[in-house]
Amino acid sequence: MTSPVNSTAALPAPLDILDEIRRLRSELKRSEGRIADLVLADPRRVLDLNVTSLAQAAEVSEATVVRFCRSVGCAGFPDFKLRLAESQARDALRGEVRGGTPYVSKDVAPDDDVGTLARKIFSSSAAALTAASAILNDEALERAIALLAGASRVLCVGTGGSSALAQDAAHKLLRFGADAQPCADPVLARMLLVNMTAGGVLLALSNTGRSGTINELAAAARSQGTAVVAITAPRSPLAAMASVVIASRPVEDTEMYTPMASRLVHLTLIDVLSTGVALRLGDPAVRQLAKVKAAINAGRLPPLT
């Protein structure tokens, strides 16, 4: 049986940058304090600013912005932005960010106009991707890519919104010549799993890691010696039984809101894994992709003139 790589064990203890700014506020220089006040007043707005625009908003120099970042424990401005995105994602997960529209989106108010809601959703999605990139575990990614690239077959499973992600994962792997198959039917998935030969891999996707169907499949896979690569929440039941965990903290409270940003994070992680598989397979994968592209293009209508 494949020994598990628990990506959550290597996650750094993240600095809560907003708490740190509050703690250090009285010790900061006057110019740095202006930046601190701006960040504390509207952290979501600051996430959308670059170093130049933040300096202009606080009426300080860019060098002062960099010094501020170091004063509050960050390596520089990029690290500060990552910490701020992490803080916003954790606050949302803990329910500290209130409001939103129940069962629709935590970021959108019922009276938002189209332009406002569009920019809010883009902003929250960008923040979620930035926060997810900050906790990536390279060892887990390498192990997952190696398993997928060497698999005799990859069975991609997910339920609900994750079923579409499982289909996307299989679609991407198929382009490079992998024997990948998505399955949303739990009975059919169990039969496919039982018939899987040595070297097969179960790719399980679950935002919460608490899906009974997916966890049952993961447990069955491990019991028969099949490796399980899980894209799921850290410290979840699915993470505990997976061979390799690609940890992705849920952004939304799924008991209340429809996962939006979380789904984009999972799609991006699928892109990371499939691209890693293609690079690992090398020229054969490139040639296979060229054949697939040619077959698809042959069935397309000519462009309108």
# chains A, B, ... in the order shown; residues from 1 in each chain; ligands from 1
call {"tool": "select_by_dssp", "arguments": {"residues": "stretch 147-210 of chain A", "states": "helix (DSSP H, G or I)", "output": "PyMOL selection string"}}
result
chain A and resi 147-149+161-175+186-194
call {"tool": "residues_around", "arguments": {"residues": "A:Leu84", "least_positions_apart": "6", "cutoff": "12 Å", "atoms": "only C-alpha atoms", "output": "tab-separated table (two decimals) with N, CA, C and O atoms, in the first residue's frame"}}
result
chain	number	residue	atom	x	y	z
A	14	PRO	N	0.62	30.07	9.38
A	14	PRO	CA	0.57	31.37	8.70
A	14	PRO	C	0.46	32.52	9.69
A	14	PRO	O	-0.19	32.42	10.72
A	15	LEU	N	1.13	33.60	9.35
A	15	LEU	CA	1.04	34.83	10.11
A	15	LEU	C	-0.28	35.50	9.79
A	15	LEU	O	-0.60	35.71	8.63
A	16	ASP	N	-1.09	35.80	10.80
A	16	ASP	CA	-2.32	36.56	10.57
A	16	ASP	C	-1.90	38.02	10.47
A	16	ASP	O	-1.69	38.69	11.48
A	17	ILE	N	-1.75	38.48	9.25
A	17	ILE	CA	-1.13	39.77	9.01
A	17	ILE	C	-1.95	40.91	9.59
A	17	ILE	O	-1.39	41.90	10.10
A	18	LEU	N	-3.28	40.82	9.58
A	18	LEU	CA	-4.10	41.89	10.14
A	18	LEU	C	-3.93	41.99	11.65
A	18	LEU	O	-3.83	43.09	12.20
A	19	ASP	N	-3.88	40.84	12.33
A	19	ASP	CA	-3.63	40.85	13.77
A	19	ASP	C	-2.26	41.44	14.08
A	19	ASP	O	-2.06	42.18	15.05
A	20	GLU	N	-1.28	41.09	13.23
A	20	GLU	CA	0.08	41.58	13.46
A	20	GLU	C	0.15	43.09	13.25
A	20	GLU	O	0.83	43.81	14.00
A	21	ILE	N	-0.55	43.60	12.25
A	21	ILE	CA	-0.57	45.05	12.01
A	21	ILE	C	-1.21	45.77	13.19
A	21	ILE	O	-0.73	46.81	13.65
A	39	VAL	N	-4.74	49.63	5.29
A	39	VAL	CA	-4.91	48.18	5.20
A	39	VAL	C	-6.01	47.71	6.15
A	39	VAL	O	-6.89	46.93	5.78
A	40	LEU	N	-5.99	48.19	7.38
A	40	LEU	CA	-6.97	47.77	8.37
A	40	LEU	C	-8.37	48.25	8.01
A	40	LEU	O	-9.36	47.57	8.30
A	42	ASP	N	-9.63	48.74	4.92
A	42	ASP	CA	-10.22	48.08	3.76
A	42	ASP	C	-9.22	47.09	3.16
A	42	ASP	O	-8.63	47.32	2.10
A	43	PRO	N	-9.01	45.94	3.83
A	43	PRO	CA	-8.03	44.97	3.33
A	43	PRO	C	-8.36	44.42	1.96
A	43	PRO	O	-7.47	44.12	1.16
A	44	ARG	N	-9.65	44.29	1.64
A	44	ARG	CA	-10.02	43.76	0.33
A	44	ARG	C	-9.60	44.71	-0.79
A	44	ARG	O	-9.17	44.29	-1.86
A	45	ARG	N	-9.72	46.01	-0.54
A	45	ARG	CA	-9.30	46.98	-1.55
A	45	ARG	C	-7.79	46.90	-1.75
A	45	ARG	O	-7.30	46.95	-2.89
A	46	VAL	N	-7.04	46.77	-0.65
A	46	VAL	CA	-5.58	46.73	-0.74
A	46	VAL	C	-5.11	45.52	-1.55
A	46	VAL	O	-4.09	45.59	-2.24
A	47	LEU	N	-5.86	44.41	-1.49
A	47	LEU	CA	-5.49	43.23	-2.27
A	47	LEU	C	-5.43	43.53	-3.77
A	47	LEU	O	-4.69	42.88	-4.51
A	48	ASP	N	-6.20	44.52	-4.22
A	48	ASP	CA	-6.25	44.85	-5.64
A	48	ASP	C	-5.19	45.88	-6.05
A	48	ASP	O	-5.08	46.21	-7.23
A	49	LEU	N	-4.42	46.39	-5.08
A	49	LEU	CA	-3.45	47.44	-5.37
A	49	LEU	C	-2.06	46.86	-5.57
A	49	LEU	O	-1.69	45.87	-4.94
A	69	CYS	N	6.08	46.66	4.93
A	69	CYS	CA	5.91	45.22	4.80
A	69	CYS	C	6.91	44.47	5.68
A	69	CYS	O	6.55	43.49	6.36
A	72	VAL	N	6.15	44.63	9.51
A	72	VAL	CA	5.08	43.78	10.03
A	72	VAL	C	5.38	42.30	9.81
A	72	VAL	O	4.49	41.45	9.92
A	73	GLY	N	6.65	41.98	9.49
A	73	GLY	CA	7.07	40.58	9.46
A	73	GLY	C	7.05	39.90	8.11
A	73	GLY	O	7.16	38.68	8.04
A	74	CYS	N	6.93	40.67	7.02
A	74	CYS	CA	6.90	40.07	5.69
A	74	CYS	C	8.24	40.28	4.98
A	74	CYS	O	8.97	41.22	5.29
A	77	PHE	N	6.81	43.17	-0.46
A	77	PHE	CA	5.42	43.44	-0.84
A	77	PHE	C	4.70	42.19	-1.37
A	77	PHE	O	3.55	41.96	-0.99
A	78	PRO	N	5.33	41.36	-2.23
A	78	PRO	CA	4.63	40.15	-2.68
A	78	PRO	C	4.24	39.24	-1.51
A	78	PRO	O	3.14	38.69	-1.49
A	90	ARG	N	-8.99	33.06	5.50
A	90	ARG	CA	-9.24	32.43	6.81
A	90	ARG	C	-10.41	33.11	7.51
A	90	ARG	O	-11.23	32.46	8.16
A	91	ASP	N	-10.49	34.44	7.40
A	91	ASP	CA	-11.60	35.16	8.03
A	91	ASP	C	-12.94	34.70	7.46
A	91	ASP	O	-13.91	34.52	8.18
A	127	ALA	N	-8.28	36.54	-4.89
A	127	ALA	CA	-7.75	36.40	-3.54
A	127	ALA	C	-7.66	34.93	-3.14
A	127	ALA	O	-6.69	34.51	-2.50
A	128	ALA	N	-8.67	34.15	-3.51
A	128	ALA	CA	-8.66	32.73	-3.17
A	128	ALA	C	-7.51	32.01	-3.87
A	128	ALA	O	-6.84	31.16	-3.27
A	130	THR	N	-4.68	33.35	-4.87
A	130	THR	CA	-3.43	33.80	-4.26
A	130	THR	C	-3.20	33.10	-2.93
A	130	THR	O	-2.08	32.64	-2.63
A	131	ALA	N	-4.24	32.97	-2.12
A	131	ALA	CA	-4.11	32.30	-0.84
A	131	ALA	C	-3.79	30.82	-1.02
A	131	ALA	O	-2.97	30.25	-0.29
A	134	ALA	N	-0.18	30.10	-1.79
A	134	ALA	CA	0.74	30.31	-0.67
A	134	ALA	C	0.92	29.05	0.18
A	134	ALA	O	1.89	28.94	0.92
call {"tool": "atom_distance", "arguments": {"atom1": "atom CA of A:Asp179", "atom2": "atom CA of A:Ala239"}}
result
24.4 Å
call {"tool": "closest_atom_pairs", "arguments": {"of": "stretch 153-201 of chain A", "to": "stretch 262-269 of chain A", "cutoff": "12 Å", "atoms": "only C-alpha atoms", "output": "Markdown table"}}
result
| residue | atom | partner | partner_atom | distance |
| --- | --- | --- | --- | --- |
| A:Gly158 | CA | A:His266 | CA | 11.6 |
| A:Gly160 | CA | A:Arg263 | CA | 11.4 |
| A:Gly161 | CA | A:Arg263 | CA | 8.0 |
| A:Ser162 | CA | A:Arg263 | CA | 7.8 |
| A:Ser163 | CA | A:Arg263 | CA | 11.0 |
| A:Ala164 | CA | A:Leu267 | CA | 9.8 |
| A:Leu165 | CA | A:Leu267 | CA | 6.6 |
| A:Ala166 | CA | A:Leu267 | CA | 9.4 |
| A:Gln167 | CA | A:Leu267 | CA | 10.7 |
| A:Asp168 | CA | A:Leu267 | CA | 7.9 |
| A:Ala169 | CA | A:Leu267 | CA | 8.2 |
| A:Ala170 | CA | A:Leu267 | CA | 11.9 |
| A:Lys172 | CA | A:Leu267 | CA | 10.8 |
call {"tool": "closest_residue", "arguments": {"among": "A:Ala180, A:Leu148, A:Ala294, A:Ala247", "to": "A:Ala227", "atoms": "only C-alpha atoms"}}
result
A:Leu148
call {"tool": "closest_residue", "arguments": {"among": "A:Val157, A:Ala204, A:Ala198, A:Leu38", "to": "A:Val65", "atoms": "only C-alpha atoms"}}
result
A:Leu38
call {"tool": "closest_residue", "arguments": {"among": "A:Arg119, A:Arg70, A:Arg300, A:Arg222", "to": "A:Leu193", "atoms": "only C-alpha atoms"}}
result
A:Arg222
call {"tool": "residues_around", "arguments": {"residues": "A:Ser152", "least_positions_apart": "5", "cutoff": "8 Å", "atoms": "only C-alpha atoms", "output": "PDB file with N, CA and C atoms, in the first residue's frame"}}
result
ATOM      1  N   ALA A 178      -3.192   9.624 -21.314  1.00  0.00           N
ATOM      2  CA  ALA A 178      -3.475   8.852 -20.114  1.00  0.00           C
ATOM      3  C   ALA A 178      -4.801   8.119 -20.259  1.00  0.00           C
ATOM      4  N   ASP A 179      -4.901   6.959 -19.630  1.00  0.00           N
ATOM      5  CA  ASP A 179      -6.166   6.221 -19.606  1.00  0.00           C
ATOM      6  C   ASP A 179      -6.959   6.753 -18.419  1.00  0.00           C
ATOM      7  N   THR A 197      -6.646  -2.384 -12.533  1.00  0.00           N
ATOM      8  CA  THR A 197      -5.453  -3.225 -12.431  1.00  0.00           C
ATOM      9  C   THR A 197      -4.394  -2.541 -11.565  1.00  0.00           C
ATOM     10  N   ALA A 198      -3.309  -3.286 -11.316  1.00  0.00           N
ATOM     11  CA  ALA A 198      -2.211  -2.741 -10.510  1.00  0.00           C
ATOM     12  C   ALA A 198      -1.680  -1.470 -11.166  1.00  0.00           C
ATOM     13  N   GLY A 199      -1.351  -0.507 -10.344  1.00  0.00           N
ATOM     14  CA  GLY A 199      -0.820   0.746 -10.851  1.00  0.00           C
ATOM     15  C   GLY A 199      -1.866   1.790 -11.140  1.00  0.00           C
ATOM     16  N   GLY A 200      -3.137   1.472 -10.895  1.00  0.00           N
ATOM     17  CA  GLY A 200      -4.200   2.447 -11.088  1.00  0.00           C
ATOM     18  C   GLY A 200      -4.220   3.470  -9.973  1.00  0.00           C
ATOM     19  N   VAL A 201      -4.858   4.611 -10.253  1.00  0.00           N
ATOM     20  CA  VAL A 201      -4.939   5.702  -9.281  1.00  0.00           C
ATOM     21  C   VAL A 201      -6.371   6.230  -9.233  1.00  0.00           C
TER      22      VAL A 201
END
call {"tool": "atom_distance", "arguments": {"atom1": "atom CA of A:Leu117", "atom2": "atom CA of A:Ala85"}}
result
19.2 Å
call {"tool": "closest_residue", "arguments": {"among": "A:Leu304, A:Ala278, A:Ile214, A:Ala144", "to": "A:Leu174", "atoms": "only C-alpha atoms"}}
result
A:Ala278
call {"tool": "atom_distance", "arguments": {"atom1": "atom CA of A:Met196", "atom2": "atom CA of A:Cys183"}}
result
13.5 Å
call {"tool": "closest_residue", "arguments": {"among": "A:Ser61, A:Ser274, A:Ser125, A:Thr52", "to": "A:Met260", "atoms": "only C-alpha atoms"}}
result
A:Ser125
call {"tool": "closest_residue", "arguments": {"among": "A:Ile246, A:Leu217, A:Val114, A:Ile296", "to": "A:Leu202", "atoms": "only C-alpha atoms"}}
result
A:Leu217
call {"tool": "select_by_dssp", "arguments": {"residues": "stretch 114-207 of chain A", "states": "strand (DSSP E or B)", "output": "PyMOL selection string"}}
result
chain A and resi 154-157+180-183+201-206
call {"tool": "residues_around", "arguments": {"residues": "A:Ser206", "least_positions_apart": "4", "cutoff": "8 Å", "atoms": "only C-alpha atoms", "output": "ChimeraX atom specification"}}
result
/A:158-159,162,210-211,214,230-233
call {"tool": "residues_around", "arguments": {"residues": "A:Val245", "least_positions_apart": "2", "cutoff": "10 Å", "atoms": "only C-alpha atoms", "output": "VMD selection string"}}
result
chain A and resid 4 to 8 137 140 to 141 143 to 144 204 228 to 235 238 to 243 247 to 248
call {"tool": "decode", "arguments": {"residues": "stretch 54-78 of chain A", "atoms": "N, CA and C atoms", "output": "tab-separated table (two decimals), in the first residue's frame"}}
result
chain	number	residue	atom	x	y	z
A	54	LEU	N	-0.66	51.52	-3.93
A	54	LEU	CA	-0.79	51.57	-2.47
A	54	LEU	C	-0.02	52.76	-1.92
A	55	ALA	N	1.16	53.01	-2.47
A	55	ALA	CA	1.95	54.17	-2.04
A	55	ALA	C	1.19	55.46	-2.32
A	56	GLN	N	0.58	55.55	-3.49
A	56	GLN	CA	-0.19	56.75	-3.83
A	56	GLN	C	-1.40	56.91	-2.93
A	57	ALA	N	-2.10	55.81	-2.63
A	57	ALA	CA	-3.29	55.88	-1.78
A	57	ALA	C	-2.95	56.33	-0.37
A	58	ALA	N	-1.76	55.90	0.13
A	58	ALA	CA	-1.34	56.27	1.48
A	58	ALA	C	-0.52	57.55	1.51
A	59	GLU	N	-0.23	58.08	0.31
A	59	GLU	CA	0.57	59.31	0.18
A	59	GLU	C	1.94	59.14	0.81
A	60	VAL	N	2.59	58.03	0.45
A	60	VAL	CA	3.96	57.75	0.90
A	60	VAL	C	4.75	57.27	-0.31
A	61	SER	N	6.04	57.03	-0.12
A	61	SER	CA	6.87	56.54	-1.21
A	61	SER	C	6.76	55.01	-1.32
A	62	GLU	N	7.15	54.49	-2.47
A	62	GLU	CA	7.15	53.03	-2.64
A	62	GLU	C	8.13	52.38	-1.67
A	63	ALA	N	9.24	53.04	-1.39
A	63	ALA	CA	10.21	52.50	-0.44
A	63	ALA	C	9.59	52.37	0.95
A	64	THR	N	8.72	53.32	1.30
A	64	THR	CA	8.04	53.25	2.60
A	64	THR	C	7.10	52.05	2.65
A	65	VAL	N	6.44	51.76	1.54
A	65	VAL	CA	5.56	50.59	1.49
A	65	VAL	C	6.38	49.32	1.75
A	66	VAL	N	7.54	49.22	1.12
A	66	VAL	CA	8.39	48.04	1.31
A	66	VAL	C	8.87	47.96	2.76
A	67	ARG	N	9.24	49.10	3.35
A	67	ARG	CA	9.67	49.10	4.76
A	67	ARG	C	8.52	48.68	5.67
A	68	PHE	N	7.33	49.15	5.37
A	68	PHE	CA	6.15	48.76	6.15
A	68	PHE	C	5.96	47.25	6.12
A	69	CYS	N	6.08	46.66	4.93
A	69	CYS	CA	5.91	45.22	4.80
A	69	CYS	C	6.91	44.47	5.68
A	70	ARG	N	8.14	44.94	5.71
A	70	ARG	CA	9.16	44.29	6.52
A	70	ARG	C	8.93	44.54	8.01
A	71	SER	N	8.40	45.72	8.34
A	71	SER	CA	8.13	46.04	9.74
A	71	SER	C	7.08	45.14	10.35
A	72	VAL	N	6.15	44.63	9.51
A	72	VAL	CA	5.08	43.78	10.03
A	72	VAL	C	5.38	42.30	9.81
A	73	GLY	N	6.65	41.98	9.49
A	73	GLY	CA	7.07	40.58	9.46
A	73	GLY	C	7.05	39.90	8.11
A	74	CYS	N	6.93	40.67	7.02
A	74	CYS	CA	6.90	40.07	5.69
A	74	CYS	C	8.24	40.28	4.98
A	75	ALA	N	8.53	39.41	4.02
A	75	ALA	CA	9.79	39.50	3.31
A	75	ALA	C	9.81	40.67	2.33
A	76	GLY	N	8.65	41.11	1.91
A	76	GLY	CA	8.53	42.20	0.95
A	76	GLY	C	7.07	42.37	0.57
A	77	PHE	N	6.81	43.17	-0.46
A	77	PHE	CA	5.42	43.44	-0.84
A	77	PHE	C	4.70	42.19	-1.37
A	78	PRO	N	5.33	41.36	-2.23
A	78	PRO	CA	4.63	40.15	-2.68
A	78	PRO	C	4.24	39.24	-1.51
